[in-house]
file final18.cif (mmCIF, C-alpha atoms)
data_data
#
loop_
_atom_site.label_atom_id
_atom_site.label_comp_id
_atom_site.auth_asym_id
_atom_site.auth_seq_id
_atom_site.Cartn_x
_atom_site.Cartn_y
_atom_site.Cartn_z
CA MET P 1305 0.00 0.00 0.00
CA SER P 1306 1.22 3.52 -0.77
CA ALA P 1307 -0.05 6.84 0.52
CA GLY P 1308 0.88 10.44 -0.21
CA LEU P 1309 0.46 13.75 1.57
CA GLY P 1310 -0.02 17.02 -0.28
CA LEU P 1311 1.60 19.94 1.55
CA LEU P 1312 1.76 23.68 0.84
CA ASP P 1313 5.44 23.90 1.74
CA ARG P 1314 8.49 21.72 2.33
CA VAL P 1315 8.42 21.00 6.08
CA GLY P 1316 9.94 18.51 8.45
CA PHE P 1317 8.16 15.31 9.38
CA ARG P 1318 8.66 12.08 11.27
CA ALA P 1319 6.98 8.69 10.93
CA PHE P 1320 6.53 6.10 13.67
CA GLN P 1321 4.28 3.26 14.79
CA LEU P 1322 1.84 3.20 17.70
CA GLN P 1323 0.04 0.26 19.27
CA ASN P 1324 -3.45 -0.39 20.69
CA PRO P 1325 -4.70 -0.10 18.00
CA PRO P 1326 -1.75 -0.65 15.64
CA ARG P 1327 -1.22 2.37 13.38
CA VAL P 1328 1.40 4.34 11.49
CA VAL P 1329 1.73 8.04 12.32
CA VAL P 1330 3.15 10.71 10.04
CA ASP P 1331 3.78 13.79 12.21
CA VAL P 1332 4.10 16.83 9.93
CA ALA P 1333 5.64 20.04 11.29
CA HIS P 1334 3.45 23.12 11.15
CA GLN P 1335 3.55 26.69 12.33
CA PRO P 1336 1.73 27.03 15.69
CA THR P 1337 -1.09 29.57 15.79
CA GLN P 1338 -0.70 30.47 19.47
CA PRO P 1339 0.47 34.10 19.85
CA PHE P 1340 3.70 35.11 21.59
CA ASP P 1341 3.32 36.90 24.94
CA ASP P 1342 5.44 37.62 28.01
CA GLU P 1343 2.86 36.77 30.69
CA ARG P 1344 3.20 33.78 33.03
CA VAL P 1345 1.85 30.49 31.65
CA TRP P 1346 0.68 27.49 33.69
CA VAL P 1347 0.19 24.05 32.13
CA GLY P 1348 -0.34 20.56 33.52
CA VAL P 1349 -1.52 19.43 36.93
CA PRO P 1350 0.48 18.15 39.90
CA THR P 1351 -0.55 14.50 39.43
CA VAL P 1352 2.85 13.25 38.26
CA ASP P 1353 4.62 11.59 41.18
CA THR P 1354 8.17 12.42 40.13
CA VAL P 1355 9.45 15.07 37.74
CA SER P 1356 11.75 13.36 35.25
CA ILE P 1357 13.39 15.25 32.37
CA SER P 1358 15.16 12.90 29.97
CA ALA P 1359 16.54 15.43 27.47
CA VAL P 1360 16.49 19.03 26.34
CA ARG P 1361 16.71 19.98 22.66
CA ALA P 1362 16.79 23.31 20.84
CA GLY P 1363 16.31 24.45 17.27
CA ARG P 1364 15.96 27.60 15.19
CA HIS P 1365 12.74 28.14 13.25
CA PRO P 1366 11.61 31.05 11.05
CA GLY P 1367 10.79 33.83 13.52
CA TYR P 1368 11.46 31.95 16.76
CA ASP P 1369 13.79 29.60 18.63
CA ARG P 1370 12.38 26.39 20.15
CA LEU P 1371 13.40 24.63 23.35
CA VAL P 1372 11.93 21.17 24.00
CA PHE P 1373 11.93 19.43 27.38
CA ASP P 1374 11.49 15.67 26.89
CA LEU P 1375 9.78 14.05 29.89
CA ARG P 1376 9.76 10.41 30.98
CA THR P 1377 6.19 10.56 32.26
CA ALA P 1378 2.92 10.03 30.38
CA ASP P 1379 1.33 12.99 32.17
CA ILE P 1380 2.51 16.58 32.44
CA PRO P 1381 3.65 17.82 35.87
CA LEU P 1382 2.55 21.28 36.92
CA VAL P 1383 4.70 23.65 34.85
CA SER P 1384 5.07 27.40 35.32
CA VAL P 1385 6.81 29.56 32.69
CA ALA P 1386 7.62 33.25 33.23
CA TYR P 1387 10.37 35.81 32.88
CA THR P 1388 12.19 36.43 36.15
CA ARG P 1389 12.09 39.82 37.86
CA THR P 1390 15.76 39.85 38.81
CA ALA P 1391 17.12 38.90 35.36
CA PRO P 1392 14.71 40.34 32.78
CA SER P 1393 16.04 38.23 29.89
CA THR P 1394 15.84 34.92 31.79
CA ILE P 1395 12.80 32.67 31.61
CA HIS P 1396 12.12 30.42 34.59
CA VAL P 1397 10.47 27.07 33.79
CA GLY P 1398 9.36 25.37 36.99
CA PHE P 1399 8.35 21.69 37.10
CA THR P 1400 6.39 20.43 40.13
CA GLY P 1401 5.33 16.85 40.85
CA ARG P 1402 2.84 15.50 43.36
CA THR P 1403 5.31 14.08 45.85
CA THR P 1404 8.60 15.18 47.24
CA ALA P 1405 10.42 12.24 45.64
CA PRO P 1406 13.73 13.33 44.14
CA ALA P 1407 13.40 14.70 40.62
CA VAL P 1408 15.55 13.33 37.82
CA VAL P 1409 17.27 15.51 35.22
CA SER P 1410 19.34 13.52 32.71
CA PRO P 1411 20.79 16.28 30.51
CA PRO P 1412 23.86 18.15 31.78
CA HIS P 1413 22.84 20.73 34.34
CA THR P 1414 23.96 23.50 31.97
CA VAL P 1415 23.34 23.29 28.23
CA TYR P 1416 24.74 26.00 25.94
CA ILE P 1417 22.48 26.69 22.96
CA GLY P 1418 23.70 29.84 21.15
CA LEU P 1419 20.74 30.46 18.82
CA THR P 1420 19.24 33.82 17.80
CA GLN P 1421 17.28 34.17 21.08
CA LEU P 1422 18.10 31.12 23.19
CA ARG P 1423 21.53 31.23 24.82
CA SER P 1424 21.57 28.48 27.46
CA VAL P 1425 19.50 26.50 29.94
CA SER P 1426 20.62 25.62 33.47
CA PHE P 1427 18.83 23.20 35.76
CA ALA P 1428 18.45 23.24 39.53
CA VAL P 1429 17.01 20.16 41.22
CA TYR P 1430 15.61 20.80 44.69
CA GLU P 1431 15.17 18.44 47.64
CA ASN P 1432 11.38 18.83 47.53
CA GLY P 1433 11.21 17.14 44.10
CA THR P 1434 10.83 20.27 41.99
CA VAL P 1435 13.04 21.36 39.11
CA SER P 1436 13.87 24.85 37.87
CA ALA P 1437 15.14 25.42 34.36
CA TRP P 1438 16.69 28.87 33.91
CA VAL P 1439 16.52 29.74 30.19
CA SER P 1440 18.85 32.56 29.20
CA THR P 1441 17.66 34.64 26.24
CA ARG P 1442 19.27 37.45 24.29
CA HIS P 1443 16.36 39.88 24.82
CA ARG P 1444 13.06 39.81 26.64
CA ASN P 1445 10.78 38.80 23.76
CA GLY P 1446 7.43 37.07 23.72
CA PHE P 1447 7.18 33.32 24.26
CA ARG P 1448 4.58 30.59 23.93
CA VAL P 1449 4.27 27.22 25.63
CA MET P 1450 2.84 24.02 24.20
CA VAL P 1451 2.27 20.54 25.57
CA LEU P 1452 2.93 17.62 23.22
CA ARG P 1453 2.26 13.95 23.90
CA GLN P 1454 3.50 10.54 22.81
CA PRO P 1455 6.23 11.18 23.81
CA THR P 1456 5.50 13.77 26.51
CA ARG P 1457 7.15 17.14 25.91
CA ILE P 1458 6.98 20.75 27.03
CA VAL P 1459 7.80 23.15 24.19
CA LEU P 1460 8.97 26.72 24.76
CA ASP P 1461 9.13 28.97 21.69
CA VAL P 1462 10.83 32.38 22.05
CA ALA P 1463 10.18 35.02 19.36
CA HIS P 1464 13.14 36.57 17.56
CA VAL P 1465 11.74 40.11 17.75
CA ALA P 1466 9.60 41.89 20.30
#
call {"tool": "encode", "arguments": {"input": "final18.cif", "output": "structure tokens"}}
result
Amino acid sequence: MSAGLGLLDRVGFRAFQLQNPPRVVVDVAHQPTQPFDDERVWVGVPTVDTVSISAVRAGRHPGYDRLVFDLRTADIPLVSVAYTRTAPSTIHVGFTGRTTAPAVVSPPHTVYIGLTQLRSVSFAVYENGTVSAWVSTRHRNGFRVMVLRQPTRIVLDVAHVA
């Protein structure tokens, strides 16, 4: 069997299999419609027992830089995203689980990125099971936050211009 997809532009994609029921997925990249803003964003609920971040990835896109936090849990912990008051070009991403079990962060605790807006991300793991990711940006520009599933990810896009 063959299948084709007609697209308006050349974009990235990935293909993979899922089970229950068995199916093939073609995940085609698209431009998100959510606007950029600089107000605090809350996503998720504190039902995840332990915060576990398996990887952090970054990439440059037309008009914005993207930071992806890959999680090892099926559900999203409570996540807060906002610029800090003390360092106006730093975005704090806070991850909170339901229990005080130690959080797990697999990437190095400081990752240098060096894109148009995204400079670096540093992690702090606290004894109460929470994690802070301090995202250094070039300027205080708008951002947007998305939740993606299968696998579970938190996506932070930072606009190139204010």
call {"tool": "residues_around", "arguments": {"input": "final18.cif", "residues": "Ile1357 in chain P", "least_positions_apart": "3", "cutoff": "6 Å", "atoms": "all atoms listed in the file", "output": "PyMOL selection string"}}
result
chain P and resi 1374-1375+1409
call {"tool": "write_last_selection", "arguments": {"input": "final18.cif", "atoms": "C-alpha atoms", "output": "CSV table (one decimal), in the coordinates of the input"}}
result
chain,number,residue,atom,x,y,z
P,1374,ASP,CA,11.5,15.7,26.9
P,1375,LEU,CA,9.8,14.0,29.9
P,1409,VAL,CA,17.3,15.5,35.2
call {"tool": "residues_around", "arguments": {"input": "final18.cif", "residues": "Arg1364 in chain P", "least_positions_apart": "4", "cutoff": "12 Å", "atoms": "all atoms listed in the file", "output": "list in words"}}
result
Tyr1368, Asp1369, Arg1370, Leu1371, Val1372, Ile1417, Gly1418, Leu1419, Thr1420, Gln1421, Leu1422, Arg1423, Leu1460, Asp1461, Val1462, Ala1463 and His1464 of chain P
call {"tool": "closest_residue", "arguments": {"input": "final18.cif", "among": "P:Pro1350, P:Pro1406, P:Pro1411, P:Pro1339", "to": "Asn1445 in chain P", "atoms": "all atoms listed in the file"}}
result
P:Pro1339
call {"tool": "atom_distance", "arguments": {"input": "final18.cif", "atom1": "CA of Ser1426 in chain P", "atom2": "CA of Phe1447 in chain P"}}
result
18.0 Å
call {"tool": "resolve_selection", "arguments": {"input": "final18.cif", "expression": "the PyMOL selection byres ((chain P and resi 1381-1396) around 8)", "output": "ChimeraX atom specification"}}
result
/P:1342-1352,1355,1379-1380,1397-1402,1436-1444,1449
call {"tool": "closest_residue", "arguments": {"input": "final18.cif", "among": "P:Gln1338, P:Ser1410, P:Ser1306, P:Gln1454", "to": "Ser1356 in chain P", "atoms": "all atoms listed in the file"}}
result
P:Ser1410
call {"tool": "closest_residue", "arguments": {"input": "final18.cif", "among": "P:Ala1362, P:Thr1354, P:Val1329, P:Arg1318", "to": "Ala1378 in chain P", "atoms": "all atoms listed in the file"}}
result
P:Thr1354
call {"tool": "atom_distance", "arguments": {"input": "final18.cif", "atom1": "CA of Gly1433 in chain P", "atom2": "CA of Asp1353 in chain P"}}
result
9.1 Å
call {"tool": "atom_distance", "arguments": {"input": "final18.cif", "atom1": "CA of Gly1308 in chain P", "atom2": "CA of Pro1336 in chain P"}}
result
23.0 Å
call {"tool": "axis_aligned_box", "arguments": {"input": "final18.cif", "around": "range 1398-1402 of chain P", "padding_each_side": "3 Å", "output": "JSON"}}
result
{"center_x": 6.1, "center_y": 20.4, "center_z": 40.2, "size_x": 12.5, "size_y": 15.9, "size_z": 12.4}
call {"tool": "resolve_selection", "arguments": {"input": "final18.cif", "expression": "the PyMOL selection byres ((chain P and resi 1330) around 7)", "output": "number ranges by chain"}}
result
P: 1317-1320, 1328-1329, 1331-1332
call {"tool": "resolve_selection", "arguments": {"input": "final18.cif", "expression": "the PyMOL selection byres ((chain P and resi 1457) around 8)", "output": "PyMOL selection string"}}
result
chain P and resi 1372-1375+1451-1453+1455-1456+1458-1459
call {"tool": "closest_residue", "arguments": {"input": "final18.cif", "among": "P:Leu1322, P:Thr1337, P:Thr1403, P:Leu1309", "to": "Arg1448 in chain P", "atoms": "all atoms listed in the file"}}
result
P:Thr1337
call {"tool": "closest_residue", "arguments": {"input": "final18.cif", "among": "P:Ala1405, P:Val1465, P:Met1450, P:Ala1359", "to": "Phe1427 in chain P", "atoms": "all atoms listed in the file"}}
result
P:Ala1359
